[in-house]
Amino acid sequence: AQKITQTQPGMFVQEKEAVTLDCTYDTSDPSYGLFWYKQPSSGEMIFLIYQGSYDQQNATEGRYSLNFQKARKSANLVISASQLGDSAMYFCAMREGGRSILTGGGNKLTFGTGTQLKVEL
Amino acid sequence: DARVTQTPRHKVTEMGQEVTMRCQPILGHNTVFWYRQTMMQGLELLAYFRNRAPLDDSGMPKDRFSAEMPDATLATLKIQPSEPRDSAVYFCASGFSGGYNEQFFGPGTRLTVL
């Protein structure tokens, strides 16, 4: 079974509009973290936002917010006020923490297949 | 500005040749990951190290791939012999297991095996 599912291979959005990129996950580990990375055409992987399984509030970073619905096991990325520079591939990823929630950045990530976002004028 | 560095950025080689990719993690990070990205398989973990010890290399073809950390500032990924199906982008990432969440990715090595 897929641990991270991104069902939208491609999305289009008008500049200045908001867009939601979907991500669902599957884990039985009570301690986990969810990440979103952006990969522009240049190829680098850029960290956008993180949500921990014990976090009470949805994470926000500037124009990025994570709509975390734990019961539904979804962690959708919302980009507000889209810009042309947001055109890129977006990956959702999960880190399972094991017994300790203090493993932080020291555990491997499992990635989804990505969503290609195109921002149009 | 701390960054993960990878060399070479691009490598074109012929089938059967040895390929060595290098990674310098961010100073102070104790965990290093090797990921491979292809169109067919997406991003997949090959191996990772914590405090220079290998923790998981189950994603790596053992007969031809090897990963090492000779010291805390250098991680290597070797393919010998290389095959066309190894053509991919290989990313190194580093992180810190002490509660800090983000993994920082290097720019990747784009490998083409002819």
# chains A, B, ... in the order shown; residues from 1 in each chain; ligands from 1
>>> residues_around(residues="Leu84 (chain A)", least_positions_apart="5", cutoff="10 Å", atoms="only C-alpha atoms", output="list in words")
Val13, Gln14, Glu15, Lys16, Lys118, Val119, Glu120 and Leu121 of chain A
>>> write_last_selection(atoms="N, CA and C atoms", output="short mmCIF file (atom, residue, chain, number, x, y, z; two decimals), in the first residue's frame")
data_model
loop_
_atom_site.label_atom_id
_atom_site.label_comp_id
_atom_site.auth_asym_id
_atom_site.auth_seq_id
_atom_site.Cartn_x
_atom_site.Cartn_y
_atom_site.Cartn_z
N VAL A 13 -3.55 26.89 -12.01
CA VAL A 13 -4.17 27.93 -11.20
C VAL A 13 -3.86 29.28 -11.82
N GLN A 14 -4.78 30.19 -11.68
CA GLN A 14 -4.55 31.55 -12.16
C GLN A 14 -3.69 32.30 -11.14
N GLU A 15 -2.86 33.15 -11.66
CA GLU A 15 -2.04 34.00 -10.80
C GLU A 15 -2.95 34.73 -9.81
N LYS A 16 -2.47 34.83 -8.56
CA LYS A 16 -3.14 35.50 -7.45
C LYS A 16 -4.27 34.69 -6.83
N LYS A 118 1.07 24.44 -12.37
CA LYS A 118 1.35 25.47 -13.36
C LYS A 118 0.51 26.70 -13.02
N VAL A 119 1.18 27.82 -12.82
CA VAL A 119 0.50 29.07 -12.53
C VAL A 119 0.42 29.87 -13.82
N GLU A 120 -0.80 30.27 -14.15
CA GLU A 120 -1.02 30.98 -15.42
C GLU A 120 -1.40 32.44 -15.17
N LEU A 121 -1.10 33.27 -16.15
CA LEU A 121 -1.46 34.69 -16.06
C LEU A 121 -2.97 34.87 -16.19
#
>>> interface_residues(of="chain B", to="chain A", cutoff="8 Å", atoms="only C-alpha atoms", output="compact mmCIF listing (two decimals) with N, CA and C atoms, in the first residue's frame")
# COMPACT_ATOMS: atom_id res chain seq x y z
N ASN B 30 23.85 15.05 11.83
CA ASN B 30 24.40 13.73 12.12
C ASN B 30 23.77 12.62 11.29
N THR B 31 22.88 12.99 10.38
CA THR B 31 22.22 11.97 9.56
C THR B 31 22.33 12.37 8.10
N PHE B 33 21.32 11.09 4.08
CA PHE B 33 20.44 10.25 3.29
C PHE B 33 20.86 10.31 1.82
N GLY B 42 9.97 7.75 -9.16
CA GLY B 42 9.88 8.91 -8.29
C GLY B 42 11.09 9.00 -7.38
N LEU B 43 10.87 9.53 -6.18
CA LEU B 43 11.95 9.68 -5.20
C LEU B 43 11.96 8.48 -4.27
N GLU B 44 13.07 7.81 -4.22
CA GLU B 44 13.15 6.64 -3.35
C GLU B 44 14.45 6.68 -2.56
N LEU B 45 14.36 6.19 -1.33
CA LEU B 45 15.52 6.17 -0.45
C LEU B 45 16.43 5.00 -0.82
N TYR B 48 20.78 5.36 4.34
CA TYR B 48 21.06 6.49 5.19
C TYR B 48 21.92 6.11 6.38
N ARG B 50 23.46 7.42 10.28
CA ARG B 50 23.37 8.29 11.44
C ARG B 50 24.66 8.18 12.22
N SER B 94 20.78 15.97 4.37
CA SER B 94 21.27 15.79 5.73
C SER B 94 20.26 16.36 6.71
N GLY B 95 20.32 15.83 7.92
CA GLY B 95 19.41 16.26 8.97
C GLY B 95 20.03 16.03 10.32
N PHE B 96 19.29 16.44 11.34
CA PHE B 96 19.78 16.29 12.70
C PHE B 96 18.73 15.55 13.50
N SER B 97 19.16 14.48 14.16
CA SER B 97 18.18 13.61 14.83
C SER B 97 17.77 14.10 16.20
N GLY B 98 18.25 15.26 16.60
CA GLY B 98 17.96 15.72 17.94
C GLY B 98 16.70 16.53 18.10
N GLY B 99 15.73 16.34 17.20
CA GLY B 99 14.45 17.03 17.33
C GLY B 99 14.23 18.10 16.30
N TYR B 100 15.17 18.35 15.48
CA TYR B 100 15.09 19.34 14.42
C TYR B 100 14.52 18.65 13.20
N ASN B 101 13.48 19.19 12.58
CA ASN B 101 12.68 18.39 11.67
C ASN B 101 13.11 18.33 10.21
N GLU B 102 13.65 19.40 9.71
CA GLU B 102 13.82 19.48 8.28
C GLU B 102 15.01 18.66 7.80
N GLN B 103 14.86 18.06 6.62
CA GLN B 103 15.99 17.50 5.90
C GLN B 103 16.35 18.48 4.79
N PHE B 104 17.63 18.78 4.72
CA PHE B 104 18.11 19.70 3.69
C PHE B 104 18.71 18.88 2.55
N PHE B 105 18.27 19.21 1.36
CA PHE B 105 18.72 18.47 0.19
C PHE B 105 19.86 19.20 -0.52
N GLY B 106 20.77 18.42 -1.06
CA GLY B 106 21.77 18.96 -1.95
C GLY B 106 21.19 19.17 -3.34
N PRO B 107 21.98 19.73 -4.25
CA PRO B 107 21.47 20.04 -5.59
C PRO B 107 21.30 18.81 -6.49
N GLY B 108 21.85 17.70 -6.06
CA GLY B 108 21.71 16.47 -6.84
C GLY B 108 22.85 16.25 -7.83
>>> closest_residue(among="B:Met15, B:Ile26, B:Ala53, B:Val4", to="Ser87 (chain B)", atoms="only C-alpha atoms")
B:Met15
>>> residues_around(residues="Lys70 (chain A)", least_positions_apart="5", cutoff="12 Å", atoms="only C-alpha atoms", output="tab-separated table (two decimals) with N, CA and C atoms, in the first residue's frame")
chain	number	residue	atom	x	y	z
A	23	CYS	N	-2.86	15.61	-0.43
A	23	CYS	CA	-1.95	14.57	0.04
A	23	CYS	C	-2.66	13.75	1.11
A	24	THR	N	-2.70	12.45	0.93
A	24	THR	CA	-3.17	11.57	1.99
A	24	THR	C	-2.04	10.62	2.35
A	25	TYR	N	-2.08	10.13	3.58
A	25	TYR	CA	-0.99	9.29	4.06
A	25	TYR	C	-1.54	8.10	4.82
A	26	ASP	N	-0.68	7.14	5.01
A	26	ASP	CA	-1.08	5.92	5.71
A	26	ASP	C	0.04	5.52	6.64
A	27	THR	N	-0.26	5.48	7.92
A	27	THR	CA	0.70	5.02	8.92
A	27	THR	C	-0.03	4.57	10.15
A	30	PRO	N	2.06	6.44	15.84
A	30	PRO	CA	1.41	7.63	16.40
A	30	PRO	C	2.25	8.88	16.26
A	31	SER	N	3.54	8.68	16.03
A	31	SER	CA	4.45	9.81	15.92
A	31	SER	C	4.96	9.90	14.49
A	32	TYR	N	4.60	10.97	13.81
A	32	TYR	CA	5.05	11.12	12.43
A	32	TYR	C	5.08	12.60	12.08
A	33	GLY	N	5.74	12.88	11.00
A	33	GLY	CA	5.81	14.24	10.50
A	33	GLY	C	5.48	14.27	9.03
A	34	LEU	N	4.89	15.34	8.62
A	34	LEU	CA	4.50	15.50	7.21
A	34	LEU	C	5.19	16.73	6.64
A	51	GLN	N	4.53	19.60	9.36
A	51	GLN	CA	3.45	19.42	10.36
A	51	GLN	C	3.74	18.16	11.15
A	52	GLY	N	3.80	18.28	12.45
A	52	GLY	CA	3.99	17.13	13.30
A	52	GLY	C	2.66	16.52	13.70
A	53	SER	N	2.65	15.23	13.94
A	53	SER	CA	1.40	14.55	14.24
A	53	SER	C	0.78	15.02	15.55
A	54	TYR	N	1.58	15.56	16.44
A	54	TYR	CA	1.07	16.03	17.72
A	54	TYR	C	0.77	17.52	17.73
A	55	ASP	N	1.04	18.16	16.62
A	55	ASP	CA	0.80	19.62	16.57
A	55	ASP	C	-0.70	19.88	16.57
A	56	GLN	N	-1.11	20.81	17.42
A	56	GLN	CA	-2.53	21.11	17.57
A	56	GLN	C	-3.04	22.04	16.48
A	57	GLN	N	-2.14	22.87	15.98
A	57	GLN	CA	-2.56	23.83	14.97
A	57	GLN	C	-1.96	23.50	13.63
A	58	ASN	N	-2.65	23.93	12.59
A	58	ASN	CA	-2.12	23.75	11.25
A	58	ASN	C	-0.89	24.63	11.07
A	75	ALA	N	-3.12	15.82	4.49
A	75	ALA	CA	-2.20	16.93	4.79
A	75	ALA	C	-2.06	17.77	3.53
A	76	ASN	N	-3.10	18.47	3.20
A	76	ASN	CA	-3.12	19.22	1.95
A	76	ASN	C	-2.35	20.52	2.08
>>> closest_residue(among="A:Gln116, A:Ser74, A:Glu17, A:Ile79", to="Thr5 (chain A)", atoms="only C-alpha atoms")
A:Ser74
>>> residues_around(residues="region 65-78 of chain B", least_positions_apart="4", cutoff="7 Å", atoms="only C-alpha atoms", output="PyMOL selection string")
chain B and resi 19-25+52+60-61
>>> select_by_dssp(residues="chain B", states="strand (DSSP E or B)", output="MDAnalysis selection string")
chainID B and resid 5:7 10:13 19:24 31:38 42:50 53:56 65:71 74:79 88:95 104:105 109:113
>>> closest_residue(among="B:Gln41, B:Thr112, B:Gln17, B:Thr5", to="Pro84 (chain B)", atoms="only C-alpha atoms")
B:Thr112
>>> residues_around(residues="Arg63 (chain A)", least_positions_apart="3", cutoff="9 Å", atoms="only C-alpha atoms", output="list in words")
Thr60, Val78, Ile79, Ser80, Ala81 and Ser82 of chain A
